[in-house]
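Here's the structure we're looking at; comments come further down.
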Amino acid sequence: MADRYLFLARRGKNQWWRYLSGISLILISWLVIGNIPTLALILLVFYDSDEPTKFNSQFNQVEEIDLLFNYIVTNFTFIAFIVALYIAIRFIHQRQFISLITPRNKVNIFRIIQGFLLWLILLSIACAIEYALFPQSYEFSYNQTNFLIFLPIALIFTPIQTSVEELFFRGYLMQAVGLITRLSWIPVLFSSLIFALLHFGNPEVTANFSILALFYLGLSFFLAIITVKDNSLELALGVHAANNLFTVLLVNPTNSALPGYAVFEYTLNPFYTLVSYAIASLIFYRILLQKKPKNKQDNETTKRPEPKIKRKPQQPI
């Protein structure tokens, strides 16, 4: 039981007040300390003489300002988030931070890369098919200067953002629920619902709320299921990083929660997005996680023949 990912929280101290303290620390760091640069930017915009610049409170972004600057300020919240999460795990719960990722003593970097590359390939195929079906939805928006400046920033901040979300939702929260139940589906359901609910306010959801809400819920379940099935967070870390980097650098939907200087900008097709992600998830699971059953011929070759016992002839009485 101790080596199962969902039950790794048992390695630390887990009184209720520790979780109350840990979650409070994380929320204060994320929403207050992490938003100090955003607050400074809002005040700057408020007192400047440039009328078009304004703060959009719904999406927590400053409009009509350089995208790169806005991107750095917005992602600073996740740096404060991960620092608080580390303090909560190491000093409040008094367990190793690596227990949020794996029951082993070392993170399998190859497994993260494996998940990253396979998901990146599947997304590329899905977008290629979509472009063939709906070429009018895609617009070439590549700007070499902006892209090359944005590239290293995205490669640094985006994996931090995706890793923080995985460590908290599929790590901290899912393992916390694992303390009160041995049924795997309950932690999976709980963490997935919380993750999806927090994404329902994304600007792209306005394209079709019901379909895209279902998309976020499905993506949440997929990340949670591969984490439980693989007994580690490594694949989910790779998948989430590949997904968001693909969005900010290669194909970015209009009105996206992850704006970036991408190569293509496209009009989101909610139904195609839902279906293509569902198919990609099944293929990913099939390739990396589903064990192939041995065929009959393999069983016959691996099965050892029973040794024949020679019986001595009975002597007549």
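Residue names in the structure tokens use chain letters A, B, ... in the order shown, residue numbers from 1 in each chain, and ligand numbers from 1 in the order shown.
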Exercise. Skip Tyr138 (chain A) itself and residues of its chain fewer than 5 positions away, then list as an MDAnalysis selection string all residues within 8 Å of it, counting only C-alpha atoms.
Key: chainID A and resid 131 264:267
Exercise. Find the spatial neighbours of region 145-159 of chain A, counting only C-alpha atoms, within a cut-off of 12 Å - ignore same-chain residues fewer than 6 positions away - and output them as an NGL selection string.
Key: :A and (66-79 or 82 or 112 or 116 or 165-167 or 236-250 or 258-264)
Would you save the residues of that selection, restricted to N, CA and C atoms, as a short mmCIF file (atom, residue, chain, number, x, y, z; two decimals), in the first residue's frame?
data_model
loop_
_atom_site.label_atom_id
_atom_site.label_comp_id
_atom_site.auth_asym_id
_atom_site.auth_seq_id
_atom_site.Cartn_x
_atom_site.Cartn_y
_atom_site.Cartn_z
N ASP A 66 1.84 45.00 -24.08
CA ASP A 66 2.71 44.00 -24.72
C ASP A 66 2.44 42.61 -24.16
N LEU A 67 2.19 41.65 -25.06
CA LEU A 67 1.82 40.30 -24.66
C LEU A 67 2.90 39.63 -23.81
N LEU A 68 4.16 39.85 -24.16
CA LEU A 68 5.26 39.23 -23.44
C LEU A 68 5.30 39.68 -21.99
N PHE A 69 5.14 40.97 -21.78
CA PHE A 69 5.16 41.53 -20.43
C PHE A 69 3.98 41.00 -19.62
N ASN A 70 2.82 40.95 -20.26
CA ASN A 70 1.62 40.43 -19.60
C ASN A 70 1.78 38.96 -19.24
N TYR A 71 2.43 38.21 -20.12
CA TYR A 71 2.64 36.77 -19.92
C TYR A 71 3.52 36.51 -18.70
N ILE A 72 4.60 37.27 -18.57
CA ILE A 72 5.52 37.10 -17.44
C ILE A 72 4.83 37.45 -16.13
N VAL A 73 4.12 38.58 -16.12
CA VAL A 73 3.44 39.02 -14.90
C VAL A 73 2.39 38.01 -14.46
N THR A 74 1.61 37.50 -15.42
CA THR A 74 0.55 36.53 -15.10
C THR A 74 1.13 35.24 -14.55
N ASN A 75 2.23 34.76 -15.14
CA ASN A 75 2.81 33.48 -14.73
C ASN A 75 3.63 33.57 -13.45
N PHE A 76 3.89 34.78 -12.98
CA PHE A 76 4.62 34.92 -11.71
C PHE A 76 3.83 34.30 -10.56
N THR A 77 2.51 34.27 -10.68
CA THR A 77 1.68 33.69 -9.63
C THR A 77 2.05 32.23 -9.37
N PHE A 78 2.46 31.50 -10.42
CA PHE A 78 2.77 30.08 -10.27
C PHE A 78 4.11 29.86 -9.59
N ILE A 79 5.00 30.83 -9.67
CA ILE A 79 6.26 30.73 -8.94
C ILE A 79 5.99 30.83 -7.44
N ILE A 82 4.32 27.44 -6.35
CA ILE A 82 5.16 26.26 -6.15
C ILE A 82 6.06 26.39 -4.93
N ILE A 112 8.70 11.32 -18.38
CA ILE A 112 8.13 12.66 -18.64
C ILE A 112 8.30 13.02 -20.11
N PHE A 116 5.51 13.68 -23.00
CA PHE A 116 5.56 14.96 -23.69
C PHE A 116 5.57 14.76 -25.21
N GLU A 165 0.25 23.02 -11.54
CA GLU A 165 -1.12 22.53 -11.57
C GLU A 165 -1.17 21.02 -11.35
N GLU A 166 -0.25 20.27 -11.97
CA GLU A 166 -0.23 18.83 -11.78
C GLU A 166 0.15 18.45 -10.35
N LEU A 167 1.16 19.10 -9.81
CA LEU A 167 1.61 18.80 -8.45
C LEU A 167 0.51 19.07 -7.42
N ALA A 236 1.69 12.62 -16.71
CA ALA A 236 0.81 13.80 -16.68
C ALA A 236 1.62 15.09 -16.76
N LEU A 237 2.78 15.13 -16.13
CA LEU A 237 3.65 16.31 -16.23
C LEU A 237 4.05 16.56 -17.68
N GLY A 238 4.42 15.49 -18.39
CA GLY A 238 4.82 15.62 -19.78
C GLY A 238 3.66 16.02 -20.69
N VAL A 239 2.50 15.41 -20.48
CA VAL A 239 1.33 15.69 -21.31
C VAL A 239 0.88 17.14 -21.14
N HIS A 240 0.78 17.60 -19.91
CA HIS A 240 0.29 18.96 -19.66
C HIS A 240 1.25 20.01 -20.22
N ALA A 241 2.55 19.78 -20.06
CA ALA A 241 3.54 20.72 -20.61
C ALA A 241 3.46 20.77 -22.13
N ALA A 242 3.34 19.60 -22.76
CA ALA A 242 3.24 19.54 -24.23
C ALA A 242 1.97 20.24 -24.71
N ASN A 243 0.87 20.04 -24.00
CA ASN A 243 -0.41 20.64 -24.39
C ASN A 243 -0.34 22.16 -24.38
N ASN A 244 0.19 22.74 -23.30
CA ASN A 244 0.20 24.20 -23.20
C ASN A 244 1.27 24.86 -24.06
N LEU A 245 2.42 24.20 -24.21
CA LEU A 245 3.45 24.73 -25.10
C LEU A 245 2.98 24.70 -26.55
N PHE A 246 2.27 23.66 -26.92
CA PHE A 246 1.70 23.56 -28.26
C PHE A 246 0.73 24.73 -28.51
N THR A 247 -0.02 25.09 -27.46
CA THR A 247 -1.01 26.16 -27.59
C THR A 247 -0.36 27.53 -27.72
N VAL A 248 0.65 27.82 -26.90
CA VAL A 248 1.22 29.18 -26.92
C VAL A 248 2.24 29.38 -28.03
N LEU A 249 2.82 28.27 -28.55
CA LEU A 249 3.89 28.41 -29.54
C LEU A 249 3.49 28.01 -30.96
N LEU A 250 2.58 27.07 -31.10
CA LEU A 250 2.29 26.54 -32.43
C LEU A 250 0.90 26.91 -32.94
N LEU A 258 -4.44 31.27 -22.83
CA LEU A 258 -2.99 31.16 -22.94
C LEU A 258 -2.52 31.89 -24.20
N PRO A 259 -2.57 33.21 -24.22
CA PRO A 259 -2.14 33.94 -25.42
C PRO A 259 -0.64 33.82 -25.62
N GLY A 260 -0.23 33.80 -26.87
CA GLY A 260 1.20 33.71 -27.17
C GLY A 260 1.46 34.08 -28.61
N TYR A 261 2.73 34.23 -28.94
CA TYR A 261 3.13 34.53 -30.32
C TYR A 261 3.27 33.21 -31.07
N ALA A 262 2.15 32.59 -31.36
CA ALA A 262 2.15 31.27 -31.99
C ALA A 262 2.33 31.38 -33.50
N VAL A 263 2.67 30.24 -34.11
CA VAL A 263 2.85 30.19 -35.56
C VAL A 263 1.51 30.35 -36.26
N PHE A 264 0.47 29.71 -35.71
CA PHE A 264 -0.87 29.80 -36.30
C PHE A 264 -1.86 30.31 -35.26
#
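Checking A:Ser210, A:Ser191, A:Thr181, A:Gln15 one by one against Ile92 (chain A), counting only C-alpha atoms, you find the shortest gap at A:Gln15.
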Practice problem: Extract, using only C-alpha atoms, all DNA, RNA and protein residues at most 12 Å from Ile33 (chain A), discarding same-chain residues fewer than 2 positions from it, and format them as a ChimeraX atom specification. | Solution: /A:25-31,35-40,76-81,83-84
Write to file, as a PDB file, in the first residue's frame, the residues of the selection just made, with N, CA and C atoms.
ATOM      1  N   LEU A  25      -1.802  28.545   3.156  1.00  0.00           N
ATOM      2  CA  LEU A  25      -0.518  29.092   2.717  1.00  0.00           C
ATOM      3  C   LEU A  25      -0.439  29.159   1.197  1.00  0.00           C
ATOM      4  N   ILE A  26      -0.889  28.100   0.537  1.00  0.00           N
ATOM      5  CA  ILE A  26      -0.844  28.036  -0.927  1.00  0.00           C
ATOM      6  C   ILE A  26      -1.747  29.100  -1.547  1.00  0.00           C
ATOM      7  N   LEU A  27      -2.964  29.237  -1.039  1.00  0.00           N
ATOM      8  CA  LEU A  27      -3.905  30.207  -1.595  1.00  0.00           C
ATOM      9  C   LEU A  27      -3.435  31.645  -1.382  1.00  0.00           C
ATOM     10  N   ILE A  28      -2.892  31.931  -0.195  1.00  0.00           N
ATOM     11  CA  ILE A  28      -2.395  33.282   0.072  1.00  0.00           C
ATOM     12  C   ILE A  28      -1.213  33.608  -0.836  1.00  0.00           C
ATOM     13  N   SER A  29      -0.314  32.648  -0.989  1.00  0.00           N
ATOM     14  CA  SER A  29       0.861  32.863  -1.850  1.00  0.00           C
ATOM     15  C   SER A  29       0.453  33.035  -3.302  1.00  0.00           C
ATOM     16  N   TRP A  30      -0.503  32.222  -3.741  1.00  0.00           N
ATOM     17  CA  TRP A  30      -0.936  32.244  -5.143  1.00  0.00           C
ATOM     18  C   TRP A  30      -1.746  33.503  -5.467  1.00  0.00           C
ATOM     19  N   LEU A  31      -2.751  33.782  -4.635  1.00  0.00           N
ATOM     20  CA  LEU A  31      -3.690  34.849  -4.952  1.00  0.00           C
ATOM     21  C   LEU A  31      -3.248  36.223  -4.467  1.00  0.00           C
ATOM     22  N   ASN A  35       0.202  37.785  -7.023  1.00  0.00           N
ATOM     23  CA  ASN A  35      -0.461  38.819  -7.829  1.00  0.00           C
ATOM     24  C   ASN A  35       0.055  40.222  -7.548  1.00  0.00           C
ATOM     25  N   ILE A  36       1.120  40.356  -6.765  1.00  0.00           N
ATOM     26  CA  ILE A  36       1.712  41.677  -6.521  1.00  0.00           C
ATOM     27  C   ILE A  36       2.172  42.329  -7.828  1.00  0.00           C
ATOM     28  N   PRO A  37       2.892  41.603  -8.716  1.00  0.00           N
ATOM     29  CA  PRO A  37       3.252  42.226 -10.002  1.00  0.00           C
ATOM     30  C   PRO A  37       2.031  42.627 -10.833  1.00  0.00           C
ATOM     31  N   THR A  38       0.982  41.801 -10.792  1.00  0.00           N
ATOM     32  CA  THR A  38      -0.243  42.131 -11.520  1.00  0.00           C
ATOM     33  C   THR A  38      -0.885  43.386 -10.960  1.00  0.00           C
ATOM     34  N   LEU A  39      -0.900  43.495  -9.625  1.00  0.00           N
ATOM     35  CA  LEU A  39      -1.456  44.682  -8.983  1.00  0.00           C
ATOM     36  C   LEU A  39      -0.661  45.935  -9.356  1.00  0.00           C
ATOM     37  N   ALA A  40       0.667  45.795  -9.383  1.00  0.00           N
ATOM     38  CA  ALA A  40       1.513  46.926  -9.772  1.00  0.00           C
ATOM     39  C   ALA A  40       1.229  47.343 -11.209  1.00  0.00           C
ATOM     40  N   PHE A  76       3.889  34.782 -12.975  1.00  0.00           N
ATOM     41  CA  PHE A  76       4.616  34.920 -11.712  1.00  0.00           C
ATOM     42  C   PHE A  76       3.830  34.297 -10.557  1.00  0.00           C
ATOM     43  N   THR A  77       2.512  34.270 -10.679  1.00  0.00           N
ATOM     44  CA  THR A  77       1.685  33.687  -9.626  1.00  0.00           C
ATOM     45  C   THR A  77       2.047  32.226  -9.370  1.00  0.00           C
ATOM     46  N   PHE A  78       2.459  31.500 -10.424  1.00  0.00           N
ATOM     47  CA  PHE A  78       2.767  30.080 -10.268  1.00  0.00           C
ATOM     48  C   PHE A  78       4.111  29.855  -9.589  1.00  0.00           C
ATOM     49  N   ILE A  79       5.001  30.833  -9.674  1.00  0.00           N
ATOM     50  CA  ILE A  79       6.264  30.732  -8.940  1.00  0.00           C
ATOM     51  C   ILE A  79       5.988  30.826  -7.440  1.00  0.00           C
ATOM     52  N   ALA A  80       5.140  31.782  -7.059  1.00  0.00           N
ATOM     53  CA  ALA A  80       4.741  31.892  -5.649  1.00  0.00           C
ATOM     54  C   ALA A  80       3.989  30.638  -5.209  1.00  0.00           C
ATOM     55  N   PHE A  81       3.198  30.074  -6.110  1.00  0.00           N
ATOM     56  CA  PHE A  81       2.412  28.869  -5.832  1.00  0.00           C
ATOM     57  C   PHE A  81       3.327  27.689  -5.504  1.00  0.00           C
ATOM     58  N   VAL A  83       6.481  27.610  -4.602  1.00  0.00           N
ATOM     59  CA  VAL A  83       7.266  27.827  -3.384  1.00  0.00           C
ATOM     60  C   VAL A  83       6.425  27.480  -2.157  1.00  0.00           C
ATOM     61  N   ALA A  84       5.170  27.938  -2.138  1.00  0.00           N
ATOM     62  CA  ALA A  84       4.276  27.646  -1.018  1.00  0.00           C
ATOM     63  C   ALA A  84       3.967  26.153  -0.925  1.00  0.00           C
TER      64      ALA A  84
END
Quiz item: Between A:His199, A:Arg182, A:Arg170, A:Lys229, which one has atoms that come closest to Leu288 (chain A), using only C-alpha atoms?
Solution: A:Lys229
Exercise. Within 10 Å of region 3-13 of chain A, counting only C-alpha atoms, which residues show up once you throw out same-chain ones fewer than 5 positions away? Write them as a VMD selection string, please.
Key: chain A and resid 18 to 19 89 to 96 99 to 104 170 to 184 187 to 188 227 to 233
Quiz item: Nearest to Asn269 (chain A): which of A:Phe110, A:Tyr285, A:Trp16, A:Phe215 is it, counting only C-alpha atoms?
Solution: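 That would be A:Phe215, the residue with the smallest distance to Asn269 (chain A).
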Exercise. Kindly give the distance, in Å, that separates CA of Ser276 (chain A) and CA of Val251 (chain A), rounded to a single decimal.
Key: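 Result for CA of Ser276 (chain A) versus CA of Val251 (chain A): 14.7 Å, one decimal.
Contact shell of Glu130 (chain A) at 12 Å (only C-alpha atoms; same-chain neighbours under 2 positions omitted): A:Leu123, A:Ser124, A:Ile125, A:Ala126, A:Cys127, A:Ala128, A:Ala132, A:Leu133, A:Phe134, A:Pro135, A:Gln136, A:Ser137, A:Tyr138, A:Val251, A:Tyr266, A:Thr267, A:Leu268, A:Asn269, A:Pro270, A:Phe271, A:Tyr272, A:Thr273, A:Val275, A:Ser276.
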Exercise. Apply DSSP to the backbone of this structure and, from region 9-162 of chain A, keep only the residues in alpha helix (DSSP H); write these as a PyMOL selection string.
Key: chain A and resi 16-28+36-47+67-87+109-133+144-162
For the selection just defined, write its residues with C-alpha atoms to a file, as a PDB file, in the first residue's frame.
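See part_22.pdb below for the written result:
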ATOM      1  CA  TRP A  16      -6.637  18.167   9.565  1.00  0.00           C
ATOM      2  CA  TRP A  17      -4.996  21.364  10.764  1.00  0.00           C
ATOM      3  CA  ARG A  18      -1.925  20.622   8.624  1.00  0.00           C
ATOM      4  CA  TYR A  19      -4.062  20.536   5.466  1.00  0.00           C
ATOM      5  CA  LEU A  20      -5.879  23.672   6.564  1.00  0.00           C
ATOM      6  CA  SER A  21      -2.526  25.403   7.098  1.00  0.00           C
ATOM      7  CA  GLY A  22      -1.042  24.062   3.854  1.00  0.00           C
ATOM      8  CA  ILE A  23      -3.981  25.043   1.645  1.00  0.00           C
ATOM      9  CA  SER A  24      -4.222  28.469   3.322  1.00  0.00           C
ATOM     10  CA  LEU A  25      -0.518  29.092   2.717  1.00  0.00           C
ATOM     11  CA  ILE A  26      -0.844  28.036  -0.927  1.00  0.00           C
ATOM     12  CA  LEU A  27      -3.905  30.207  -1.595  1.00  0.00           C
ATOM     13  CA  ILE A  28      -2.395  33.282   0.072  1.00  0.00           C
ATOM     14  CA  ILE A  36       1.712  41.677  -6.521  1.00  0.00           C
ATOM     15  CA  PRO A  37       3.252  42.226 -10.002  1.00  0.00           C
ATOM     16  CA  THR A  38      -0.243  42.131 -11.520  1.00  0.00           C
ATOM     17  CA  LEU A  39      -1.456  44.682  -8.983  1.00  0.00           C
ATOM     18  CA  ALA A  40       1.513  46.926  -9.772  1.00  0.00           C
ATOM     19  CA  LEU A  41       0.706  46.641 -13.477  1.00  0.00           C
ATOM     20  CA  ILE A  42      -2.958  47.496 -12.843  1.00  0.00           C
ATOM     21  CA  LEU A  43      -1.961  50.614 -10.896  1.00  0.00           C
ATOM     22  CA  LEU A  44       0.442  51.580 -13.670  1.00  0.00           C
ATOM     23  CA  VAL A  45      -2.289  51.195 -16.277  1.00  0.00           C
ATOM     24  CA  PHE A  46      -4.790  53.073 -14.103  1.00  0.00           C
ATOM     25  CA  TYR A  47      -2.555  56.119 -13.672  1.00  0.00           C
ATOM     26  CA  LEU A  67       1.818  40.300 -24.662  1.00  0.00           C
ATOM     27  CA  LEU A  68       5.264  39.226 -23.444  1.00  0.00           C
ATOM     28  CA  PHE A  69       5.157  41.527 -20.425  1.00  0.00           C
ATOM     29  CA  ASN A  70       1.616  40.431 -19.604  1.00  0.00           C
ATOM     30  CA  TYR A  71       2.638  36.769 -19.925  1.00  0.00           C
ATOM     31  CA  ILE A  72       5.520  37.099 -17.439  1.00  0.00           C
ATOM     32  CA  VAL A  73       3.442  39.022 -14.902  1.00  0.00           C
ATOM     33  CA  THR A  74       0.552  36.533 -15.103  1.00  0.00           C
ATOM     34  CA  ASN A  75       2.811  33.484 -14.731  1.00  0.00           C
ATOM     35  CA  PHE A  76       4.616  34.920 -11.712  1.00  0.00           C
ATOM     36  CA  THR A  77       1.685  33.687  -9.626  1.00  0.00           C
ATOM     37  CA  PHE A  78       2.767  30.080 -10.268  1.00  0.00           C
ATOM     38  CA  ILE A  79       6.264  30.732  -8.940  1.00  0.00           C
ATOM     39  CA  ALA A  80       4.741  31.892  -5.649  1.00  0.00           C
ATOM     40  CA  PHE A  81       2.412  28.869  -5.832  1.00  0.00           C
ATOM     41  CA  ILE A  82       5.160  26.262  -6.151  1.00  0.00           C
ATOM     42  CA  VAL A  83       7.266  27.827  -3.384  1.00  0.00           C
ATOM     43  CA  ALA A  84       4.276  27.646  -1.018  1.00  0.00           C
ATOM     44  CA  LEU A  85       3.505  24.073  -2.096  1.00  0.00           C
ATOM     45  CA  TYR A  86       7.101  23.045  -1.356  1.00  0.00           C
ATOM     46  CA  ILE A  87       6.968  24.649   2.112  1.00  0.00           C
ATOM     47  CA  ILE A 109      12.831  11.922 -16.610  1.00  0.00           C
ATOM     48  CA  PHE A 110      12.497   9.569 -19.589  1.00  0.00           C
ATOM     49  CA  ARG A 111       8.873   8.905 -18.674  1.00  0.00           C
ATOM     50  CA  ILE A 112       8.130  12.662 -18.637  1.00  0.00           C
ATOM     51  CA  ILE A 113       9.782  13.093 -22.044  1.00  0.00           C
ATOM     52  CA  GLN A 114       7.921  10.054 -23.355  1.00  0.00           C
ATOM     53  CA  GLY A 115       4.557  11.541 -22.360  1.00  0.00           C
ATOM     54  CA  PHE A 116       5.564  14.965 -23.694  1.00  0.00           C
ATOM     55  CA  LEU A 117       6.642  13.736 -27.142  1.00  0.00           C
ATOM     56  CA  LEU A 118       3.747  11.325 -27.694  1.00  0.00           C
ATOM     57  CA  TRP A 119       1.130  13.948 -26.766  1.00  0.00           C
ATOM     58  CA  LEU A 120       2.870  16.533 -28.942  1.00  0.00           C
ATOM     59  CA  ILE A 121       2.760  14.137 -31.904  1.00  0.00           C
ATOM     60  CA  LEU A 122      -0.924  13.323 -31.326  1.00  0.00           C
ATOM     61  CA  LEU A 123      -1.852  17.023 -31.129  1.00  0.00           C
ATOM     62  CA  SER A 124       0.090  17.750 -34.310  1.00  0.00           C
ATOM     63  CA  ILE A 125      -1.750  14.985 -36.163  1.00  0.00           C
ATOM     64  CA  ALA A 126      -5.112  16.222 -34.848  1.00  0.00           C
ATOM     65  CA  CYS A 127      -4.375  19.788 -36.003  1.00  0.00           C
ATOM     66  CA  ALA A 128      -3.137  18.595 -39.408  1.00  0.00           C
ATOM     67  CA  ILE A 129      -6.422  16.741 -39.919  1.00  0.00           C
ATOM     68  CA  GLU A 130      -8.407  19.764 -38.753  1.00  0.00           C
ATOM     69  CA  TYR A 131      -6.489  22.015 -41.152  1.00  0.00           C
ATOM     70  CA  ALA A 132      -7.282  19.621 -44.014  1.00  0.00           C
ATOM     71  CA  LEU A 133     -10.980  19.658 -43.087  1.00  0.00           C
ATOM     72  CA  GLN A 144       9.979  35.842 -36.386  1.00  0.00           C
ATOM     73  CA  THR A 145      11.121  38.629 -34.050  1.00  0.00           C
ATOM     74  CA  ASN A 146       8.245  38.213 -31.596  1.00  0.00           C
ATOM     75  CA  PHE A 147       8.420  34.418 -31.734  1.00  0.00           C
ATOM     76  CA  LEU A 148      12.162  34.193 -31.024  1.00  0.00           C
ATOM     77  CA  ILE A 149      11.890  36.617 -28.106  1.00  0.00           C
ATOM     78  CA  PHE A 150       8.865  34.802 -26.712  1.00  0.00           C
ATOM     79  CA  LEU A 151      10.246  31.262 -27.197  1.00  0.00           C
ATOM     80  CA  PRO A 152      12.708  31.077 -24.242  1.00  0.00           C
ATOM     81  CA  ILE A 153      10.207  32.811 -21.939  1.00  0.00           C
ATOM     82  CA  ALA A 154       7.505  30.290 -22.844  1.00  0.00           C
ATOM     83  CA  LEU A 155       9.895  27.349 -22.439  1.00  0.00           C
ATOM     84  CA  ILE A 156      10.681  28.513 -18.897  1.00  0.00           C
ATOM     85  CA  PHE A 157       7.340  29.729 -17.537  1.00  0.00           C
ATOM     86  CA  THR A 158       4.876  27.362 -19.225  1.00  0.00           C
ATOM     87  CA  PRO A 159       6.361  24.116 -17.787  1.00  0.00           C
ATOM     88  CA  ILE A 160       6.400  25.800 -14.362  1.00  0.00           C
ATOM     89  CA  GLN A 161       2.710  26.635 -14.713  1.00  0.00           C
ATOM     90  CA  THR A 162       1.701  23.162 -15.908  1.00  0.00           C
TER      91      THR A 162
END
